[in-house]
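Quick notes on the structure that follows.
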Amino acid sequence: MTETKNIQPLEGFDWEAFENNGKTAANIASETQAYEGTLNNINDNEVVDGTVTAMNDREVVVNIGYKSDGIIPRSEFRYNPELAVGDKVEVYIENQEDKKGQLILSHKRARQARSWDRVNAACDNNEIVKGFIKCRTKGGMIVDVLGTEAFLPGSQIDVKPIHDYDTFVGKTMEFKIVKINQDFKNVVVSHKALIEAEIEAQKKEIISKLEKGQILEGVVKNITSYGVFIDLGGVDGLIHITDLSWGRVSDPKEVVEIDQKINVVIIDFDEDKKRIALGLKQLTPHPWDALSPDLKVGDTVKGKVVVMADYGAFIEIAPGVEGLIHVSEMSWSAHLHSAQDFMKVGDEVEAVILTLDREERKMSLGIKQLKADPWEKIEEKYPVGSNHTAKVRNFTNFGVFVEIEEGVDGLIHISDLSWTKKVKHPSEFTQIGAEIEVQVLDIDKENRRLSLGHKQIEENPWDNFETIFTQDSVHEGKIIEILDKGAVVQLEQGVEGFATPKHLVKEDGSQAQLGETLEFKVIEFNKDAKRIILSHSRIFEDVQRAAERAAKKEAAAAKKAPKAKKEAEPTIQNKAASTTLGDIDALAALKAEMTSSKEAAAEEPKAEE
């Protein structure tokens, strides 16, 4: 049996130091004091700076120099997708130690605590800030900028119009604070302003290097009705429609298309207004310089009508080479109103060169020269006395202008329209556009005018009228016109006569009226003047005079009869019988006529009553 020894602990042994790995309480207190001296003094609800020590898709670990690190949700850093380990971030101390002993931090609250001051400072200093586009709203987007929600108008997203705002949600972009409402704490930001500023800087740099005549490569950016905008790599220039081609261009799309790369030459530029005028046609020689040296006046050329005007048409005979056909050179006719009567834009025409000025780059053309001048052999084609069909072109008070063929005009004097009718104005006889038979009376080749007649187509009826309308002959006529000086009377054969007012008095004393048909006696016939003077009154006046003369003669004969009977009754009786036998019949007829006239006059009032 082993003997049990009574072992006693060492006197003065430090069990606390043994349990603390040889550290005494004093050592531990000293080390604790030294450790705590290395930690930051922090307080709850305080904003401090920290360093990102680790991160994953959900969390970001931040060291603020405290005894433990804080963990912040990654969503609070979504405005900054470029966040990396080692970055300095500001955090808000919500709790130094929760129930689990964990340090509770918030980056979002830290930004909010300092955001308004930073937003104002950024605006004052014209700083460029980053912002996270959170969502769409009416008229634009909501952006998180420095922890403050700001409004991004749709028009301020880009220099180009934006049609789909949703594509920008969730993106982080750079912005410029353009407006702050301190009362309502509203902030407006713009991304477009940054782009424009960048473009302006590029423009200044590019324009500073530009020179007139410099050839650059550009891209067609936009096409308008008046020209083409070219992107020269940050700055735009304009090619006016007239500088696209030496030929006429109605639509710039005929020459270029969007996104096409082309070489252009600088014509002019304005550094202040930042305008650049470009040219495309200037890169090729002028077409007039390439015009054939053999081309001369009198040559026939073909071309296309490119521009129409009232005074003429411009014909392009080669790209950039045009000639003018004046309206007077389109037809030999003198009746020219507008060039549109002869051709239209797009027509292919053949013309003769009339003038050619290579220095001034001008050319005049004519198309009527392709046809023979009808006046060169006018005497052969339209000799005096020949009959033709013409077209009425115009009226004047003194006659009718007609056209026999293109370029051959003539005048029918009003006196040469009709043998029988008194024509006051040509419109009474014919109408514009109507065809009329004419006879050539005279040729004025120098003034290119013919004297024509229409009545000459027929024989002069006045030779026949001379035998019909003899003086004192009686004819039936109708009053067709009443004038101040008398009346026009329509007679047989289509001829007209004239009666003065005193010769229109009827036997009952009344005046003849328009439309009445009466007997008229010819009291004057003038073949040369083509005039027939008529009288209705003369018919019954002559009868009355004849009756009066017969009565006087009978009375005179009665006075002489007794004396003659006494002196030589047989002889006188034979003489009276021989001289008065015919007179008795005439007197009887006159008496009967006067009696019937008086009876008719007496019956007329009764009929009226």
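As shown in the structure tokens, the chain order sets the letters A, B, ...; within each chain, residues go from 1, and ligands are also counted from 1 in the order they appear.
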
Item to check | Neighbour list for Phe229 in chain A as a VMD selection string, cut-off 12 Å, only C-alpha atoms, skip fewer than 6 positions in-chain | outcome: chain A and resid 218 to 223 235 to 241 244 252 256 to 262 264 275 to 280

Checklist entry - In terms of the shortest atom-to-atom distance over only C-alpha atoms, which of A:Leu504, A:Ala351, A:Lys445, A:Lys455 is closest to Glu376 in chain A? => result A:Lys445

Next on the checklist: Taking 4 positions as the minimum chain separation for residues in the same chain, which residues sit within 7 Å of range 128-142 of chain A when counting only C-alpha atoms? Answer as a ChimeraX atom specification.
Outcome noted: /A:79,149-154,168-176

Test item: residues at most 12 Å from Thr517 in chain A, only C-alpha atoms, excluding those fewer than 2 positions along its chain, as an mmCIF file with all heavy atoms, in the first residue's frame:
data_model
loop_
_atom_site.group_PDB
_atom_site.id
_atom_site.type_symbol
_atom_site.label_atom_id
_atom_site.label_comp_id
_atom_site.auth_asym_id
_atom_site.auth_seq_id
_atom_site.Cartn_x
_atom_site.Cartn_y
_atom_site.Cartn_z
ATOM 1 N N HIS A 475 -90.141 98.420 -152.168
ATOM 2 C CA HIS A 475 -89.809 97.080 -151.672
ATOM 3 C C HIS A 475 -90.327 96.933 -150.240
ATOM 4 O O HIS A 475 -90.443 97.928 -149.499
ATOM 5 C CB HIS A 475 -88.294 96.854 -151.679
ATOM 6 C CG HIS A 475 -87.674 97.081 -153.017
ATOM 7 N ND1 HIS A 475 -87.544 96.098 -153.959
ATOM 8 C CD2 HIS A 475 -87.156 98.224 -153.559
ATOM 9 C CE1 HIS A 475 -86.961 96.606 -155.035
ATOM 10 N NE2 HIS A 475 -86.707 97.902 -154.820
ATOM 11 N N GLU A 476 -90.596 95.727 -149.894
ATOM 12 C CA GLU A 476 -91.038 95.443 -148.523
ATOM 13 C C GLU A 476 -89.801 95.333 -147.620
ATOM 14 O O GLU A 476 -88.816 94.692 -147.973
ATOM 15 C CB GLU A 476 -91.840 94.147 -148.474
ATOM 16 C CG GLU A 476 -92.466 93.873 -147.114
ATOM 17 C CD GLU A 476 -93.274 92.592 -147.112
ATOM 18 O OE1 GLU A 476 -92.675 91.505 -146.968
ATOM 19 O OE2 GLU A 476 -94.498 92.676 -147.275
ATOM 20 N N GLY A 477 -89.878 95.938 -146.444
ATOM 21 C CA GLY A 477 -88.745 95.905 -145.529
ATOM 22 C C GLY A 477 -89.190 95.844 -144.071
ATOM 23 O O GLY A 477 -90.295 96.260 -143.733
ATOM 24 N N LYS A 478 -88.284 95.333 -143.220
ATOM 25 C CA LYS A 478 -88.577 95.202 -141.791
ATOM 26 C C LYS A 478 -87.605 96.066 -140.993
ATOM 27 O O LYS A 478 -86.385 96.013 -141.199
ATOM 28 C CB LYS A 478 -88.447 93.746 -141.344
ATOM 29 C CG LYS A 478 -88.792 93.520 -139.880
ATOM 30 C CD LYS A 478 -88.665 92.046 -139.507
ATOM 31 C CE LYS A 478 -89.010 91.814 -138.047
ATOM 32 N NZ LYS A 478 -88.898 90.381 -137.676
ATOM 33 N N ILE A 479 -88.158 96.859 -140.090
ATOM 34 C CA ILE A 479 -87.315 97.718 -139.241
ATOM 35 C C ILE A 479 -86.633 96.844 -138.180
ATOM 36 O O ILE A 479 -87.292 96.234 -137.341
ATOM 37 C CB ILE A 479 -88.156 98.810 -138.569
ATOM 38 C CG1 ILE A 479 -88.827 99.702 -139.631
ATOM 39 C CG2 ILE A 479 -87.286 99.659 -137.638
ATOM 40 C CD1 ILE A 479 -89.778 100.733 -139.069
ATOM 41 N N ILE A 480 -85.302 96.746 -138.242
ATOM 42 C CA ILE A 480 -84.553 95.872 -137.324
ATOM 43 C C ILE A 480 -83.780 96.643 -136.260
ATOM 44 O O ILE A 480 -83.299 96.069 -135.292
ATOM 45 C CB ILE A 480 -83.576 94.956 -138.102
ATOM 46 C CG1 ILE A 480 -82.566 95.808 -138.881
ATOM 47 C CG2 ILE A 480 -84.334 94.007 -139.018
ATOM 48 C CD1 ILE A 480 -81.487 94.982 -139.562
ATOM 49 N N VAL A 488 -82.709 101.266 -139.222
ATOM 50 C CA VAL A 488 -82.113 100.321 -140.159
ATOM 51 C C VAL A 488 -83.215 99.380 -140.619
ATOM 52 O O VAL A 488 -83.936 98.796 -139.790
ATOM 53 C CB VAL A 488 -80.963 99.553 -139.504
ATOM 54 C CG1 VAL A 488 -80.367 98.551 -140.498
ATOM 55 C CG2 VAL A 488 -79.886 100.518 -139.008
ATOM 56 N N VAL A 489 -83.331 99.210 -141.944
ATOM 57 C CA VAL A 489 -84.408 98.400 -142.525
ATOM 58 C C VAL A 489 -83.799 97.213 -143.264
ATOM 59 O O VAL A 489 -82.894 97.394 -144.103
ATOM 60 C CB VAL A 489 -85.264 99.237 -143.496
ATOM 61 C CG1 VAL A 489 -86.386 98.392 -144.085
ATOM 62 C CG2 VAL A 489 -85.832 100.459 -142.777
ATOM 63 N N GLN A 490 -84.263 96.027 -142.915
ATOM 64 C CA GLN A 490 -83.805 94.801 -143.571
ATOM 65 C C GLN A 490 -84.643 94.585 -144.834
ATOM 66 O O GLN A 490 -85.857 94.443 -144.786
ATOM 67 C CB GLN A 490 -83.957 93.601 -142.625
ATOM 68 C CG GLN A 490 -83.530 92.280 -143.223
ATOM 69 C CD GLN A 490 -82.013 92.199 -143.323
ATOM 70 O OE1 GLN A 490 -81.316 92.397 -142.346
ATOM 71 N NE2 GLN A 490 -81.518 91.917 -144.511
ATOM 72 N N LEU A 491 -83.947 94.551 -146.005
ATOM 73 C CA LEU A 491 -84.610 94.340 -147.282
ATOM 74 C C LEU A 491 -84.348 92.933 -147.787
ATOM 75 O O LEU A 491 -83.620 92.153 -147.161
ATOM 76 C CB LEU A 491 -84.109 95.380 -148.294
ATOM 77 C CG LEU A 491 -84.326 96.857 -147.913
ATOM 78 C CD1 LEU A 491 -83.611 97.766 -148.891
ATOM 79 C CD2 LEU A 491 -85.817 97.177 -147.848
ATOM 80 N N GLU A 492 -84.896 92.634 -148.931
ATOM 81 C CA GLU A 492 -84.640 91.341 -149.563
ATOM 82 C C GLU A 492 -83.174 91.251 -149.960
ATOM 83 O O GLU A 492 -82.456 92.252 -149.991
ATOM 84 C CB GLU A 492 -85.536 91.191 -150.805
ATOM 85 C CG GLU A 492 -85.348 92.332 -151.806
ATOM 86 C CD GLU A 492 -86.402 92.344 -152.886
ATOM 87 O OE1 GLU A 492 -86.236 91.575 -153.844
ATOM 88 O OE2 GLU A 492 -87.378 93.108 -152.746
ATOM 89 N N LEU A 504 -90.174 107.885 -141.812
ATOM 90 C CA LEU A 504 -90.789 106.765 -141.094
ATOM 91 C C LEU A 504 -92.208 107.099 -140.626
ATOM 92 O O LEU A 504 -92.834 106.297 -139.935
ATOM 93 C CB LEU A 504 -89.925 106.386 -139.874
ATOM 94 C CG LEU A 504 -88.554 105.792 -140.201
ATOM 95 C CD1 LEU A 504 -87.727 105.652 -138.927
ATOM 96 C CD2 LEU A 504 -88.697 104.434 -140.888
ATOM 97 N N ALA A 512 -93.317 104.841 -137.449
ATOM 98 C CA ALA A 512 -93.072 103.403 -137.589
ATOM 99 C C ALA A 512 -92.224 102.912 -136.415
ATOM 100 O O ALA A 512 -91.319 103.613 -135.945
ATOM 101 C CB ALA A 512 -92.386 103.104 -138.916
ATOM 102 N N GLN A 513 -92.530 101.699 -135.962
ATOM 103 C CA GLN A 513 -91.869 101.148 -134.777
ATOM 104 C C GLN A 513 -90.957 99.968 -135.145
ATOM 105 O O GLN A 513 -91.046 99.400 -136.242
ATOM 106 C CB GLN A 513 -92.923 100.691 -133.758
ATOM 107 C CG GLN A 513 -93.839 101.796 -133.287
ATOM 108 C CD GLN A 513 -93.090 102.902 -132.591
ATOM 109 O OE1 GLN A 513 -92.212 102.649 -131.755
ATOM 110 N NE2 GLN A 513 -93.436 104.152 -132.918
ATOM 111 N N LEU A 514 -90.073 99.618 -134.161
ATOM 112 C CA LEU A 514 -89.153 98.494 -134.329
ATOM 113 C C LEU A 514 -89.930 97.200 -134.555
ATOM 114 O O LEU A 514 -90.881 96.900 -133.840
ATOM 115 C CB LEU A 514 -88.265 98.355 -133.081
ATOM 116 C CG LEU A 514 -87.244 97.225 -133.088
ATOM 117 C CD1 LEU A 514 -86.165 97.485 -134.128
ATOM 118 C CD2 LEU A 514 -86.604 97.079 -131.694
ATOM 119 N N GLY A 515 -89.506 96.449 -135.549
ATOM 120 C CA GLY A 515 -90.137 95.167 -135.846
ATOM 121 C C GLY A 515 -91.251 95.242 -136.870
ATOM 122 O O GLY A 515 -91.731 94.208 -137.338
ATOM 123 N N GLU A 519 -93.923 98.960 -146.595
ATOM 124 C CA GLU A 519 -93.444 99.230 -147.941
ATOM 125 C C GLU A 519 -92.512 100.443 -147.885
ATOM 126 O O GLU A 519 -92.818 101.440 -147.227
ATOM 127 C CB GLU A 519 -94.617 99.515 -148.887
ATOM 128 C CG GLU A 519 -95.544 98.336 -149.107
ATOM 129 C CD GLU A 519 -94.890 97.236 -149.947
ATOM 130 O OE1 GLU A 519 -94.023 97.571 -150.782
ATOM 131 O OE2 GLU A 519 -95.225 96.052 -149.754
ATOM 132 N N PHE A 520 -91.379 100.330 -148.557
ATOM 133 C CA PHE A 520 -90.422 101.432 -148.600
ATOM 134 C C PHE A 520 -90.050 101.728 -150.052
ATOM 135 O O PHE A 520 -89.885 100.799 -150.862
ATOM 136 C CB PHE A 520 -89.156 101.089 -147.812
ATOM 137 C CG PHE A 520 -89.353 101.049 -146.323
ATOM 138 C CD1 PHE A 520 -89.703 99.852 -145.695
ATOM 139 C CD2 PHE A 520 -89.201 102.192 -145.559
ATOM 140 C CE1 PHE A 520 -89.890 99.814 -144.328
ATOM 141 C CE2 PHE A 520 -89.377 102.153 -144.187
ATOM 142 C CZ PHE A 520 -89.729 100.959 -143.564
ATOM 143 N N HIS A 536 -90.728 105.452 -146.273
ATOM 144 C CA HIS A 536 -92.090 104.906 -146.273
ATOM 145 C C HIS A 536 -93.085 106.031 -146.556
ATOM 146 O O HIS A 536 -94.061 105.858 -147.300
ATOM 147 C CB HIS A 536 -92.402 104.262 -144.917
ATOM 148 C CG HIS A 536 -93.839 103.864 -144.770
ATOM 149 N ND1 HIS A 536 -94.416 102.850 -145.490
ATOM 150 C CD2 HIS A 536 -94.826 104.383 -143.980
ATOM 151 C CE1 HIS A 536 -95.689 102.744 -145.170
ATOM 152 N NE2 HIS A 536 -95.961 103.674 -144.248
#

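For Tyr311 in chain A, the list of residues within 9 Å, based on only C-alpha atoms and with local chain neighbours fewer than 2 positions off taken out, reads A:Met308, A:Ala309, A:Ala313, A:Ile325, A:His326, A:Val327, A:Ser328, A:His337, A:Ser338, A:Ala339.
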
Selected residues, N, CA and C atoms, written as a JSON list (two decimals), in the first residue's frame, please.
[["chain", "number", "residue", "atom", "x", "y", "z"],
["A", 308, "MET", "N", -39.13, 75.69, -114.97],
["A", 308, "MET", "CA", -40.06, 76.42, -115.82],
["A", 308, "MET", "C", -40.35, 77.79, -115.21],
["A", 309, "ALA", "N", -40.47, 78.78, -116.07],
["A", 309, "ALA", "CA", -40.89, 80.12, -115.65],
["A", 309, "ALA", "C", -41.81, 80.66, -116.74],
["A", 313, "ALA", "N", -37.86, 78.50, -120.29],
["A", 313, "ALA", "CA", -37.55, 77.22, -119.67],
["A", 313, "ALA", "C", -36.04, 77.01, -119.67],
["A", 325, "ILE", "N", -34.35, 78.72, -122.92],
["A", 325, "ILE", "CA", -35.19, 78.93, -124.09],
["A", 325, "ILE", "C", -36.22, 79.99, -123.71],
["A", 326, "HIS", "N", -36.07, 81.20, -124.25],
["A", 326, "HIS", "CA", -37.05, 82.24, -123.97],
["A", 326, "HIS", "C", -38.35, 81.89, -124.68],
["A", 327, "VAL", "N", -39.46, 82.33, -124.09],
["A", 327, "VAL", "CA", -40.76, 81.98, -124.66],
["A", 327, "VAL", "C", -40.90, 82.47, -126.10],
["A", 328, "SER", "N", -40.21, 83.56, -126.44],
["A", 328, "SER", "CA", -40.28, 84.09, -127.80],
["A", 328, "SER", "C", -39.55, 83.21, -128.80],
["A", 337, "HIS", "N", -48.09, 83.35, -124.57],
["A", 337, "HIS", "CA", -48.49, 83.81, -123.24],
["A", 337, "HIS", "C", -47.54, 83.30, -122.16],
["A", 338, "SER", "N", -47.28, 82.02, -122.13],
["A", 338, "SER", "CA", -46.44, 81.43, -121.09],
["A", 338, "SER", "C", -45.71, 80.22, -121.65],
["A", 339, "ALA", "N", -44.51, 80.00, -121.12],
["A", 339, "ALA", "CA", -43.71, 78.86, -121.58],
["A", 339, "ALA", "C", -44.39, 77.53, -121.26]]

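As for CA of Ala434 in chain A and CA of His413 in chain A, they are spaced 16.6 Å apart.
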
Item to check | Which residue of A:Asp341, A:Pro426, A:Trp419, A:Glu406 approaches Asn394 in chain A most closely, using only C-alpha atoms | outcome: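 Using only C-alpha atoms, the shortest distance to Asn394 in chain A belongs to A:Pro426.
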
Checklist entry - Which residue, A:Lys421, A:Arg538, A:Lys527, A:Arg118, has the smallest gap to Val505 in chain A when you use only C-alpha atoms? => result A:Arg538

Checklist entry - Which residue, A:Asp87, A:Glu435, A:Glu541, A:Glu496, has the smallest gap to Phe465 in chain A when you use only C-alpha atoms? => result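 The answer is A:Glu496, which sits nearest to Phe465 in chain A.
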
Item to check | strand (DSSP E) per DSSP on the backbone: members of range 165-210 of chain A, as a ChimeraX atom specification | outcome: /A:172-181,186-190

Checklist entry - Leaving out Glu350 in chain A and any residue of its chain fewer than 4 positions from it, which residues lie within 9 Å of it when counting only C-alpha atoms, given as a list in words? => result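 So the residues in contact are Thr300, Val301, Lys302, Gly303, Lys304, Gly366, Ile367 and Leu370 of chain A.
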
For N, CA, C and O atoms, I'd like the residues from the last selection saved as a PDB file, in the first residue's frame.
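Below you can see out.pdb, which holds the result:
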ATOM      1  N   THR A 300     -27.212  71.910-132.855  1.00  0.00           N
ATOM      2  CA  THR A 300     -28.419  71.365-132.227  1.00  0.00           C
ATOM      3  C   THR A 300     -28.016  70.496-131.038  1.00  0.00           C
ATOM      4  O   THR A 300     -27.113  69.662-131.154  1.00  0.00           O
ATOM      5  N   VAL A 301     -28.671  70.729-129.899  1.00  0.00           N
ATOM      6  CA  VAL A 301     -28.369  69.962-128.684  1.00  0.00           C
ATOM      7  C   VAL A 301     -29.666  69.385-128.134  1.00  0.00           C
ATOM      8  O   VAL A 301     -30.756  69.866-128.438  1.00  0.00           O
ATOM      9  N   LYS A 302     -29.517  68.350-127.300  1.00  0.00           N
ATOM     10  CA  LYS A 302     -30.660  67.747-126.614  1.00  0.00           C
ATOM     11  C   LYS A 302     -30.500  67.951-125.123  1.00  0.00           C
ATOM     12  O   LYS A 302     -29.386  67.953-124.596  1.00  0.00           O
ATOM     13  N   GLY A 303     -31.619  68.117-124.423  1.00  0.00           N
ATOM     14  CA  GLY A 303     -31.555  68.316-122.983  1.00  0.00           C
ATOM     15  C   GLY A 303     -32.882  68.049-122.322  1.00  0.00           C
ATOM     16  O   GLY A 303     -33.868  67.678-122.969  1.00  0.00           O
ATOM     17  N   LYS A 304     -32.888  68.264-121.017  1.00  0.00           N
ATOM     18  CA  LYS A 304     -34.061  68.004-120.192  1.00  0.00           C
ATOM     19  C   LYS A 304     -34.512  69.296-119.524  1.00  0.00           C
ATOM     20  O   LYS A 304     -33.699  70.054-119.011  1.00  0.00           O
ATOM     21  N   GLY A 366     -33.090  77.922-128.703  1.00  0.00           N
ATOM     22  CA  GLY A 366     -34.366  78.126-129.370  1.00  0.00           C
ATOM     23  C   GLY A 366     -34.851  76.827-129.984  1.00  0.00           C
ATOM     24  O   GLY A 366     -34.044  75.997-130.412  1.00  0.00           O
ATOM     25  N   ILE A 367     -36.179  76.660-130.009  1.00  0.00           N
ATOM     26  CA  ILE A 367     -36.737  75.458-130.645  1.00  0.00           C
ATOM     27  C   ILE A 367     -37.515  75.786-131.917  1.00  0.00           C
ATOM     28  O   ILE A 367     -37.703  74.935-132.773  1.00  0.00           O
ATOM     29  N   LEU A 370     -35.877  75.080-135.333  1.00  0.00           N
ATOM     30  CA  LEU A 370     -35.869  73.741-135.928  1.00  0.00           C
ATOM     31  C   LEU A 370     -36.889  73.645-137.063  1.00  0.00           C
ATOM     32  O   LEU A 370     -36.869  72.682-137.832  1.00  0.00           O
TER      33      LEU A 370
END

Item to check | Filtered DSSP result for range 131-231 of chain A, state helix (DSSP H, G or I), as a ChimeraX atom specification | outcome: /A:154-156,165-168,192-208

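For the residues A:Asp69, A:Val119, A:Phe429, A:Val85, ranking by smallest atom-to-atom distance to Gln102 in chain A using only C-alpha atoms places A:Asp69 first.
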